[in-house]
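Read through the structure below, which is laid out as structure tokens, and then see the notes.
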Amino acid sequence: MSQSQHTSSSSSAKAKICVIGSCSMDLVVTSSRRPGAGETVLGESFKTVPGGKGANQAVAAARLGAEVTMIGRVGDDHLGEAILQNFKDNHVNTDYMEPVTDMESGTAHIILAEGDNSIIVVKAANDHVTPDYVAKAVKVIQSSDMVMIQQEIPEETVAYVSEICAKANVPLLLNPAPARHVSEAVINNVSYITPNEHEAAVLFEGLTLQEALRQQPNRLFVTEGSNGVRYYDGEQEVVVPTYKVEAVDTTGAGDTFNAAFGVALAEGQSLQDALRFGNRAASLSVTKFGAQGGMPTRQEVEEQL
């Protein structure tokens, strides 16, 4: 797929992004402390917030000005309806978001207490994002400027998508979260891999971070939280620093980074510019509550760059 039609971030054509991944509803309870086994404590607040790594990245990319199609599944329930409505509100194409009959939508049950979070994820409908299901959207995948995928869906689906993209010469960005082993075949099919330090250690077991980076020049981008993003440019290790902000809620910051990085690359921006754009978007996203609540618009990011 030629990148030439997107010569710069100011080009009039929107980048076509296809996101394949998870959608869920985050059920968030805030409390002064966590209950012990068999104990009841009174909470301070409860919110339902759309989430899931796939959905977060799709919404972030749409807010940054891309034309986004989401491929995923919701349940046949009111949460599924709310997830689909949230996509529509954010101008994400939901043509490939079929509800799974007699199945609930994915949920994340989050307790915010004592300055940290505990999370239980129920994948539910997200387990139905199978290769057979994704096959219905092959044409969309093949005609995208960038495909983005994560690991809250079945492993075989990630492998299948990596093959489609490799054959069609479409760039694929793999955000390997949550951490699990990824086959060498998939790694070789992927254009960009964006683990955090923990995920990188799982992905490249037996290698130091330096060795892994040298093996994957200009392909492996390790996110190091407030320290920025590290990669190997073929000659040396480069760290693209992040922007210092007062963090309110870091949920979804990684998803915002991935979306912004993917959008910038799809538009033909240089690696350095794309990483800076990703870092700037992520830094803005942590200044507000909720994974998607703080995701910035294109204008907000460009005003800060």
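Naming works like this for the structure tokens: A, B, ... for the chains as they're shown, residue 1 at the start of each chain, ligands 1 onward in shown order.
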What parts of range 52-81 of chain A does DSSP call alpha helix (DSSP H)? I'd like the answer as a list in words.
Lys53, Gly54, Ala55, Asn56, Gln57, Ala58, Val59, Ala60, Ala61, Ala62, Arg63, His78, Leu79, Gly80 and Glu81 of chain A
The selected residues should be written to file as a compact mmCIF listing (two decimals), in the first residue's frame (atoms: C-alpha atoms).
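Output file out23.txt is given in full below:
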```
# COMPACT_ATOMS: atom_id res chain seq x y z
CA LYS A 53 -8.00 -1.42 24.07
CA GLY A 54 -9.44 -1.71 20.57
CA ALA A 55 -12.28 0.71 21.22
CA ASN A 56 -9.96 3.17 22.97
CA GLN A 57 -7.56 3.21 20.02
CA ALA A 58 -10.41 3.58 17.50
CA VAL A 59 -11.96 6.53 19.33
CA ALA A 60 -8.56 8.19 19.84
CA ALA A 61 -7.70 7.83 16.13
CA ALA A 62 -11.08 9.27 15.08
CA ARG A 63 -10.66 12.26 17.38
CA HIS A 78 -27.71 -2.67 26.88
CA LEU A 79 -23.95 -2.30 27.39
CA GLY A 80 -23.40 -3.36 23.77
CA GLU A 81 -25.89 -0.73 22.60
```
From the DSSP assignment of the backbone, select every residue of range 36-185 of chain A that is strand (DSSP E), and format the answer as a PyMOL selection string.
chain A and resi 45-51+67-71+74-75+92-96+99-100+106-113+116-122+146-149+172-174
Okay, now the selection with N, CA and C atoms, as a short mmCIF file (atom, residue, chain, number, x, y, z; two decimals), in the first residue's frame?
```
data_model
loop_
_atom_site.label_atom_id
_atom_site.label_comp_id
_atom_site.auth_asym_id
_atom_site.auth_seq_id
_atom_site.Cartn_x
_atom_site.Cartn_y
_atom_site.Cartn_z
N SER A 45 -17.90 6.59 44.64
CA SER A 45 -18.55 6.91 43.36
C SER A 45 -18.54 5.69 42.45
N PHE A 46 -19.43 5.72 41.47
CA PHE A 46 -19.50 4.65 40.47
C PHE A 46 -19.73 5.28 39.10
N LYS A 47 -18.94 4.85 38.11
CA LYS A 47 -19.11 5.36 36.75
C LYS A 47 -19.04 4.20 35.77
N THR A 48 -19.80 4.29 34.68
CA THR A 48 -19.60 3.36 33.56
C THR A 48 -18.97 4.16 32.44
N VAL A 49 -17.84 3.65 31.95
CA VAL A 49 -17.06 4.36 30.95
C VAL A 49 -16.70 3.40 29.82
N PRO A 50 -16.98 3.73 28.55
CA PRO A 50 -16.59 2.83 27.46
C PRO A 50 -15.08 2.61 27.46
N GLY A 51 -14.67 1.35 27.23
CA GLY A 51 -13.25 1.02 27.23
C GLY A 51 -12.95 -0.17 26.34
N GLU A 67 -10.06 8.54 9.39
CA GLU A 67 -11.31 7.86 9.02
C GLU A 67 -11.16 6.43 9.56
N VAL A 68 -11.95 6.10 10.58
CA VAL A 68 -11.70 4.86 11.33
C VAL A 68 -12.84 3.85 11.19
N THR A 69 -12.47 2.60 10.90
CA THR A 69 -13.42 1.48 10.93
C THR A 69 -13.00 0.55 12.07
N MET A 70 -13.96 0.21 12.92
CA MET A 70 -13.70 -0.71 14.04
C MET A 70 -14.23 -2.09 13.70
N ILE A 71 -13.40 -3.12 13.90
CA ILE A 71 -13.83 -4.50 13.72
C ILE A 71 -13.79 -5.18 15.08
N VAL A 74 -19.72 -6.90 20.22
CA VAL A 74 -20.34 -6.56 21.50
C VAL A 74 -21.36 -7.63 21.82
N GLY A 75 -21.89 -7.59 23.02
CA GLY A 75 -22.92 -8.53 23.41
C GLY A 75 -24.29 -8.03 22.99
N VAL A 92 -16.86 6.78 14.48
CA VAL A 92 -16.17 5.54 14.13
C VAL A 92 -17.15 4.65 13.38
N ASN A 93 -16.73 4.11 12.23
CA ASN A 93 -17.59 3.24 11.41
C ASN A 93 -17.81 1.90 12.13
N THR A 94 -19.08 1.52 12.31
CA THR A 94 -19.41 0.29 13.04
C THR A 94 -20.04 -0.79 12.15
N ASP A 95 -19.78 -0.73 10.85
CA ASP A 95 -20.35 -1.73 9.93
C ASP A 95 -19.91 -3.16 10.28
N TYR A 96 -18.75 -3.29 10.94
CA TYR A 96 -18.22 -4.63 11.28
C TYR A 96 -18.20 -4.84 12.79
N PRO A 99 -23.33 -7.67 17.01
CA PRO A 99 -23.56 -8.23 18.35
C PRO A 99 -23.57 -9.76 18.32
N VAL A 100 -23.07 -10.36 19.38
CA VAL A 100 -23.11 -11.83 19.53
C VAL A 100 -24.40 -12.17 20.25
N GLY A 106 -18.21 -7.43 26.71
CA GLY A 106 -17.03 -7.45 27.58
C GLY A 106 -17.12 -6.36 28.63
N THR A 107 -16.63 -6.66 29.82
CA THR A 107 -16.62 -5.67 30.90
C THR A 107 -15.28 -5.69 31.63
N ALA A 108 -14.92 -4.53 32.17
CA ALA A 108 -13.77 -4.45 33.08
C ALA A 108 -14.30 -3.86 34.38
N HIS A 109 -14.05 -4.57 35.47
CA HIS A 109 -14.54 -4.16 36.79
C HIS A 109 -13.35 -3.58 37.56
N ILE A 110 -13.38 -2.27 37.73
CA ILE A 110 -12.20 -1.55 38.21
C ILE A 110 -12.48 -0.93 39.58
N ILE A 111 -11.60 -1.23 40.53
CA ILE A 111 -11.67 -0.59 41.85
C ILE A 111 -10.50 0.38 41.95
N LEU A 112 -10.82 1.67 42.11
CA LEU A 112 -9.78 2.68 42.35
C LEU A 112 -9.76 2.93 43.86
N ALA A 113 -8.66 2.54 44.50
CA ALA A 113 -8.55 2.72 45.95
C ALA A 113 -7.08 2.84 46.34
N ASP A 116 -4.29 3.30 43.74
CA ASP A 116 -3.97 2.30 42.72
C ASP A 116 -5.26 1.65 42.23
N ASN A 117 -5.17 0.83 41.16
CA ASN A 117 -6.39 0.18 40.69
C ASN A 117 -6.24 -1.34 40.68
N SER A 118 -7.37 -2.03 40.92
CA SER A 118 -7.46 -3.48 40.76
C SER A 118 -8.53 -3.72 39.70
N ILE A 119 -8.25 -4.62 38.77
CA ILE A 119 -9.15 -4.79 37.62
C ILE A 119 -9.45 -6.27 37.38
N ILE A 120 -10.71 -6.59 37.19
CA ILE A 120 -11.11 -7.92 36.71
C ILE A 120 -11.75 -7.72 35.35
N VAL A 121 -11.20 -8.39 34.33
CA VAL A 121 -11.74 -8.27 32.97
C VAL A 121 -12.52 -9.52 32.61
N VAL A 122 -13.73 -9.35 32.11
CA VAL A 122 -14.54 -10.45 31.58
C VAL A 122 -14.61 -10.24 30.06
N MET A 146 -3.37 2.05 7.53
CA MET A 146 -2.75 1.48 8.72
C MET A 146 -3.78 0.60 9.42
N VAL A 147 -3.36 -0.59 9.84
CA VAL A 147 -4.21 -1.48 10.63
C VAL A 147 -3.60 -1.54 12.03
N MET A 148 -4.46 -1.44 13.05
CA MET A 148 -4.00 -1.50 14.44
C MET A 148 -4.68 -2.64 15.16
N ILE A 149 -3.90 -3.42 15.93
CA ILE A 149 -4.45 -4.59 16.62
C ILE A 149 -3.79 -4.72 17.98
N LEU A 172 0.98 -2.77 9.60
CA LEU A 172 0.24 -3.27 10.76
C LEU A 172 0.98 -2.87 12.02
N LEU A 173 0.26 -2.21 12.92
CA LEU A 173 0.81 -1.82 14.22
C LEU A 173 0.25 -2.76 15.28
N LEU A 174 1.13 -3.54 15.90
CA LEU A 174 0.72 -4.46 16.97
C LEU A 174 1.07 -3.85 18.31
#
```
List every residue of range 208-260 of chain A that has an atom at most 9 Å from any atom of range 274-285 of chain A, and for each one report the closest atom pair and its distance in Å to one decimal, counting only C-alpha atoms, with rows sorted by chain and then by increasing residue number, as JSON lines.
```
{"residue": "A:Ser226", "atom": "CA", "partner": "A:Ser283", "partner_atom": "CA", "distance": 8.8}
{"residue": "A:Gly228", "atom": "CA", "partner": "A:Asn279", "partner_atom": "CA", "distance": 7.1}
{"residue": "A:Val229", "atom": "CA", "partner": "A:Leu275", "partner_atom": "CA", "distance": 7.6}
{"residue": "A:Val240", "atom": "CA", "partner": "A:Leu275", "partner_atom": "CA", "distance": 6.9}
{"residue": "A:Pro241", "atom": "CA", "partner": "A:Asn279", "partner_atom": "CA", "distance": 7.7}
{"residue": "A:Thr242", "atom": "CA", "partner": "A:Asn279", "partner_atom": "CA", "distance": 5.3}
{"residue": "A:Tyr243", "atom": "CA", "partner": "A:Ser283", "partner_atom": "CA", "distance": 6.0}
{"residue": "A:Lys244", "atom": "CA", "partner": "A:Ser283", "partner_atom": "CA", "distance": 7.3}
{"residue": "A:Val245", "atom": "CA", "partner": "A:Ser283", "partner_atom": "CA", "distance": 6.5}
{"residue": "A:Glu246", "atom": "CA", "partner": "A:Ser283", "partner_atom": "CA", "distance": 8.9}
{"residue": "A:Ala247", "atom": "CA", "partner": "A:Ser283", "partner_atom": "CA", "distance": 8.2}
{"residue": "A:Asp249", "atom": "CA", "partner": "A:Ser285", "partner_atom": "CA", "distance": 8.2}
{"residue": "A:Thr250", "atom": "CA", "partner": "A:Ser285", "partner_atom": "CA", "distance": 7.6}
{"residue": "A:Thr251", "atom": "CA", "partner": "A:Ser285", "partner_atom": "CA", "distance": 8.6}
{"residue": "A:Gly252", "atom": "CA", "partner": "A:Ser285", "partner_atom": "CA", "distance": 7.5}
{"residue": "A:Ala253", "atom": "CA", "partner": "A:Ala282", "partner_atom": "CA", "distance": 4.9}
{"residue": "A:Gly254", "atom": "CA", "partner": "A:Ala282", "partner_atom": "CA", "distance": 6.8}
{"residue": "A:Asp255", "atom": "CA", "partner": "A:Ala282", "partner_atom": "CA", "distance": 8.0}
{"residue": "A:Thr256", "atom": "CA", "partner": "A:Ala282", "partner_atom": "CA", "distance": 5.3}
{"residue": "A:Phe257", "atom": "CA", "partner": "A:Gly278", "partner_atom": "CA", "distance": 4.4}
{"residue": "A:Asn258", "atom": "CA", "partner": "A:Gly278", "partner_atom": "CA", "distance": 6.7}
{"residue": "A:Ala259", "atom": "CA", "partner": "A:Gly278", "partner_atom": "CA", "distance": 7.4}
{"residue": "A:Ala260", "atom": "CA", "partner": "A:Gly278", "partner_atom": "CA", "distance": 4.6}
```
Just N, CA, C and O atoms for this one: save the residues we selected as a tab-separated table (two decimals), in the first residue's frame.
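To be explicit, this is the file written out as out.tsv:
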```tsv
chain	number	residue	atom	x	y	z
A	226	SER	N	6.53	7.82	31.76
A	226	SER	CA	6.90	9.24	31.77
A	226	SER	C	8.29	9.49	31.19
A	226	SER	O	8.68	10.64	30.97
A	228	GLY	N	9.25	8.34	28.19
A	228	GLY	CA	9.14	8.48	26.75
A	228	GLY	C	9.17	7.14	26.03
A	228	GLY	O	8.77	6.11	26.59
A	229	VAL	N	9.65	7.13	24.79
A	229	VAL	CA	9.63	5.93	23.94
A	229	VAL	C	11.05	5.66	23.45
A	229	VAL	O	11.74	6.56	22.98
A	240	VAL	N	12.71	9.17	22.63
A	240	VAL	CA	11.93	10.37	22.33
A	240	VAL	C	11.18	10.73	23.62
A	240	VAL	O	10.32	9.97	24.08
A	241	PRO	N	11.57	11.84	24.26
A	241	PRO	CA	11.01	12.14	25.59
A	241	PRO	C	9.54	12.50	25.53
A	241	PRO	O	9.03	12.95	24.50
A	242	THR	N	8.87	12.28	26.66
A	242	THR	CA	7.46	12.64	26.73
A	242	THR	C	7.33	14.06	27.25
A	242	THR	O	8.33	14.74	27.48
A	243	TYR	N	6.10	14.53	27.41
A	243	TYR	CA	5.85	15.89	27.87
A	243	TYR	C	5.40	15.82	29.33
A	243	TYR	O	4.59	14.99	29.68
A	244	LYS	N	5.92	16.70	30.16
A	244	LYS	CA	5.58	16.67	31.59
A	244	LYS	C	4.22	17.34	31.82
A	244	LYS	O	4.02	18.49	31.42
A	245	VAL	N	3.31	16.58	32.44
A	245	VAL	CA	1.99	17.13	32.77
A	245	VAL	C	1.57	16.65	34.15
A	245	VAL	O	2.18	15.74	34.71
A	246	GLU	N	0.55	17.28	34.70
A	246	GLU	CA	-0.04	16.84	35.97
A	246	GLU	C	-1.06	15.75	35.65
A	246	GLU	O	-2.11	16.03	35.09
A	247	ALA	N	-0.75	14.49	35.99
A	247	ALA	CA	-1.63	13.37	35.62
A	247	ALA	C	-2.82	13.26	36.56
A	247	ALA	O	-2.67	13.30	37.78
A	249	ASP	N	-5.55	10.84	35.49
A	249	ASP	CA	-5.93	9.44	35.29
A	249	ASP	C	-5.15	8.91	34.08
A	249	ASP	O	-5.32	9.39	32.97
A	250	THR	N	-4.26	7.93	34.34
A	250	THR	CA	-3.39	7.44	33.25
A	250	THR	C	-4.05	6.34	32.42
A	250	THR	O	-3.47	5.87	31.45
A	251	THR	N	-5.29	5.93	32.78
A	251	THR	CA	-5.99	4.89	32.00
A	251	THR	C	-6.13	5.34	30.55
A	251	THR	O	-6.61	6.44	30.29
A	252	GLY	N	-5.74	4.49	29.62
A	252	GLY	CA	-5.92	4.82	28.21
A	252	GLY	C	-4.80	5.64	27.59
A	252	GLY	O	-4.83	5.92	26.39
A	253	ALA	N	-3.79	6.01	28.39
A	253	ALA	CA	-2.69	6.82	27.83
A	253	ALA	C	-1.93	6.04	26.77
A	253	ALA	O	-1.60	6.57	25.71
A	254	GLY	N	-1.70	4.75	27.03
A	254	GLY	CA	-1.00	3.90	26.05
A	254	GLY	C	-1.81	3.75	24.77
A	254	GLY	O	-1.25	3.77	23.66
A	255	ASP	N	-3.13	3.62	24.92
A	255	ASP	CA	-3.99	3.50	23.73
A	255	ASP	C	-3.98	4.79	22.92
A	255	ASP	O	-3.99	4.76	21.69
A	256	THR	N	-3.96	5.91	23.62
A	256	THR	CA	-3.90	7.21	22.93
A	256	THR	C	-2.58	7.34	22.17
A	256	THR	O	-2.56	7.78	21.01
A	257	PHE	N	-1.49	6.95	22.82
A	257	PHE	CA	-0.18	6.99	22.14
A	257	PHE	C	-0.20	6.15	20.87
A	257	PHE	O	0.22	6.61	19.80
A	258	ASN	N	-0.67	4.90	20.98
A	258	ASN	CA	-0.69	4.00	19.83
A	258	ASN	C	-1.53	4.57	18.68
A	258	ASN	O	-1.11	4.53	17.52
A	259	ALA	N	-2.69	5.11	19.02
A	259	ALA	CA	-3.57	5.67	17.99
A	259	ALA	C	-2.91	6.84	17.29
A	259	ALA	O	-2.90	6.93	16.06
A	260	ALA	N	-2.33	7.74	18.07
A	260	ALA	CA	-1.72	8.94	17.49
A	260	ALA	C	-0.49	8.58	16.66
A	260	ALA	O	-0.29	9.12	15.56
```
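Counting only C-alpha atoms, the residue from A:Val19, A:Val182, A:Leu265, A:Val248 that sits nearest to Val286 in chain A is A:Val248.
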Please provide the set of residues having any atom within 10 Å of range 154-164 of chain A, restricted to only C-alpha atoms, with same-chain residues fewer than 2 positions apart removed, written as a ChimeraX atom specification.
/A:20-22,126-135,138-139,141-142,147-152,166-174,176,180-183,185-191
Restricted to C-alpha atoms, what would the selected residues look like written as a tab-separated table (two decimals), in the first residue's frame?
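Final output, saved to selection09.tsv:
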```
chain	number	residue	atom	x	y	z
A	20	ILE	CA	-9.30	-4.78	15.14
A	21	GLY	CA	-9.74	-5.46	18.82
A	22	SER	CA	-11.71	-5.42	22.03
A	126	ASN	CA	-14.51	-10.15	22.63
A	127	ASP	CA	-13.62	-13.85	22.40
A	128	HIS	CA	-15.86	-13.98	19.30
A	129	VAL	CA	-13.56	-11.72	17.26
A	130	THR	CA	-12.41	-14.86	15.41
A	131	PRO	CA	-10.52	-15.21	12.10
A	132	ASP	CA	-13.81	-16.25	10.43
A	133	TYR	CA	-15.51	-13.10	11.70
A	134	VAL	CA	-12.65	-10.83	10.64
A	135	ALA	CA	-12.59	-12.49	7.19
A	138	VAL	CA	-10.80	-8.39	4.45
A	139	LYS	CA	-11.43	-5.68	1.82
A	141	ILE	CA	-8.21	-4.27	5.94
A	142	GLN	CA	-6.56	-4.42	2.51
A	147	VAL	CA	-4.21	-1.48	10.63
A	148	MET	CA	-4.00	-1.50	14.44
A	149	ILE	CA	-4.45	-4.59	16.62
A	150	GLN	CA	-3.98	-5.55	20.29
A	151	GLN	CA	-4.15	-8.75	22.35
A	152	GLU	CA	-7.52	-8.68	24.13
A	166	ALA	CA	1.77	-8.82	5.03
A	167	LYS	CA	0.31	-10.17	1.77
A	168	ALA	CA	-1.45	-6.89	0.93
A	169	ASN	CA	1.57	-4.81	1.97
A	170	VAL	CA	-0.53	-2.84	4.47
A	171	PRO	CA	1.30	-1.51	7.55
A	172	LEU	CA	0.24	-3.27	10.76
A	173	LEU	CA	0.81	-1.82	14.22
A	174	LEU	CA	0.72	-4.46	16.97
A	176	PRO	CA	1.07	-6.47	22.32
A	180	ARG	CA	1.58	-12.94	25.95
A	181	HIS	CA	3.93	-14.89	23.74
A	182	VAL	CA	3.78	-13.86	20.07
A	183	SER	CA	5.10	-16.18	17.36
A	185	ALA	CA	5.94	-15.40	12.16
A	186	VAL	CA	3.60	-12.71	13.54
A	187	ILE	CA	6.51	-10.50	14.64
A	188	ASN	CA	7.99	-10.77	11.13
A	189	ASN	CA	4.63	-9.81	9.55
A	190	VAL	CA	4.16	-6.73	11.71
A	191	SER	CA	5.44	-3.28	10.68
```
Which of these, A:Glu303, A:Glu114, A:Glu197, A:Glu224, has the shortest distance to Ala212 in chain A once you count only C-alpha atoms?
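Selected residue with least distance to Ala212 in chain A: A:Glu197.
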Counting only C-alpha atoms, which of A:Thr223, A:Ser105, A:Asn175, A:Gln215 gets nearest to Leu84 in chain A?
A:Ser105
